[in-house]
Amino acid sequence: MVITSISLFVYGIGTVTSLAMTYIEGARRDRDWDFYRVTGIVLCFLWPVLVPVLILAAVFSSFGFQKRMNAISLGREKTLG
């Protein structure tokens, strides 16, 4: 339960920071609320979710890569020996 609370807190900090930066950037440029500005605001809610997903994908792919490399090296040893 504590880990969930800490994770949500960190997610909230990242989201609020991104929202503030995106809003301030748009306000400084005196831009209207066009498609790109709204998309930037929406993506502020989504990118913190993608970070752990990408980290897990990298970890799982590295394990898979090591298994493939071991299988390839075993195959080479059998043909050379």
# chains A, B, ... in the order shown; residues from 1 in each chain; ligands from 1

call {"tool": "residues_around", "arguments": {"residues": "Arg37 in chain A", "least_positions_apart": "4", "cutoff": "9 Å", "atoms": "only C-alpha atoms", "output": "MDAnalysis selection string"}}
result
chainID A and resid 22:23 26 31:33 41:42

call {"tool": "write_last_selection", "arguments": {"atoms": "N, CA and C atoms", "output": "mmCIF file, in the first residue's frame"}}
result
data_model
loop_
_atom_site.group_PDB
_atom_site.id
_atom_site.type_symbol
_atom_site.label_atom_id
_atom_site.label_comp_id
_atom_site.auth_asym_id
_atom_site.auth_seq_id
_atom_site.Cartn_x
_atom_site.Cartn_y
_atom_site.Cartn_z
ATOM 1 N N THR A 22 3.993 22.810 -19.887
ATOM 2 C CA THR A 22 3.298 22.903 -21.169
ATOM 3 C C THR A 22 2.375 24.113 -21.203
ATOM 4 N N TYR A 23 1.667 24.347 -20.112
ATOM 5 C CA TYR A 23 0.761 25.491 -20.060
ATOM 6 C C TYR A 23 1.525 26.813 -20.105
ATOM 7 N N GLY A 26 2.815 27.519 -23.619
ATOM 8 C CA GLY A 26 1.756 28.009 -24.493
ATOM 9 C C GLY A 26 1.322 29.422 -24.150
ATOM 10 N N ARG A 31 -0.438 31.566 -27.685
ATOM 11 C CA ARG A 31 -1.046 30.693 -28.683
ATOM 12 C C ARG A 31 -2.472 30.346 -28.288
ATOM 13 N N ASP A 32 -3.287 30.087 -29.299
ATOM 14 C CA ASP A 32 -4.635 29.596 -29.050
ATOM 15 C C ASP A 32 -4.580 28.112 -28.707
ATOM 16 N N TRP A 33 -5.717 27.609 -28.258
ATOM 17 C CA TRP A 33 -5.797 26.200 -27.910
ATOM 18 C C TRP A 33 -6.055 25.389 -29.180
ATOM 19 N N ILE A 41 -1.070 18.709 -23.730
ATOM 20 C CA ILE A 41 -1.652 18.610 -22.390
ATOM 21 C C ILE A 41 -2.086 17.168 -22.107
ATOM 22 N N VAL A 42 -2.711 16.523 -23.080
ATOM 23 C CA VAL A 42 -3.159 15.132 -22.895
ATOM 24 C C VAL A 42 -1.962 14.201 -22.697
#

call {"tool": "residues_around", "arguments": {"residues": "Thr15 in chain A", "least_positions_apart": "2", "cutoff": "12 Å", "atoms": "only C-alpha atoms", "output": "JSON, numbers by chain"}}
result
{"A": [8, 9, 10, 11, 12, 13, 17, 18, 19, 20, 21, 22, 40, 41, 42, 43, 44, 45, 46, 47, 48, 49]}

call {"tool": "write_last_selection", "arguments": {"atoms": "C-alpha atoms", "output": "PDB file, in the first residue's frame"}}
result
ATOM      1  CA  LEU A   8       1.028   7.698  -7.297  1.00  0.00           C
ATOM      2  CA  PHE A   9       2.735  10.631  -5.607  1.00  0.00           C
ATOM      3  CA  VAL A  10       5.719  10.453  -7.969  1.00  0.00           C
ATOM      4  CA  TYR A  11       3.353  10.069 -10.937  1.00  0.00           C
ATOM      5  CA  GLY A  12       1.406  13.120  -9.744  1.00  0.00           C
ATOM      6  CA  ILE A  13       4.544  15.212  -9.399  1.00  0.00           C
ATOM      7  CA  THR A  17       5.239  19.461 -13.568  1.00  0.00           C
ATOM      8  CA  SER A  18       4.643  18.545 -17.208  1.00  0.00           C
ATOM      9  CA  LEU A  19       1.251  20.229 -17.234  1.00  0.00           C
ATOM     10  CA  ALA A  20       2.664  23.411 -15.729  1.00  0.00           C
ATOM     11  CA  MET A  21       5.561  23.559 -18.171  1.00  0.00           C
ATOM     12  CA  THR A  22       3.298  22.903 -21.169  1.00  0.00           C
ATOM     13  CA  GLY A  40       0.572  18.220 -25.425  1.00  0.00           C
ATOM     14  CA  ILE A  41      -1.652  18.610 -22.390  1.00  0.00           C
ATOM     15  CA  VAL A  42      -3.159  15.132 -22.895  1.00  0.00           C
ATOM     16  CA  LEU A  43       0.276  13.563 -23.339  1.00  0.00           C
ATOM     17  CA  CYS A  44       1.339  15.040 -19.998  1.00  0.00           C
ATOM     18  CA  PHE A  45      -0.975  12.485 -18.384  1.00  0.00           C
ATOM     19  CA  LEU A  46       0.298   9.576 -20.473  1.00  0.00           C
ATOM     20  CA  TRP A  47       4.092   9.820 -20.566  1.00  0.00           C
ATOM     21  CA  PRO A  48       4.671   8.925 -16.890  1.00  0.00           C
ATOM     22  CA  VAL A  49       2.901   5.633 -17.568  1.00  0.00           C
TER      23      VAL A  49
END
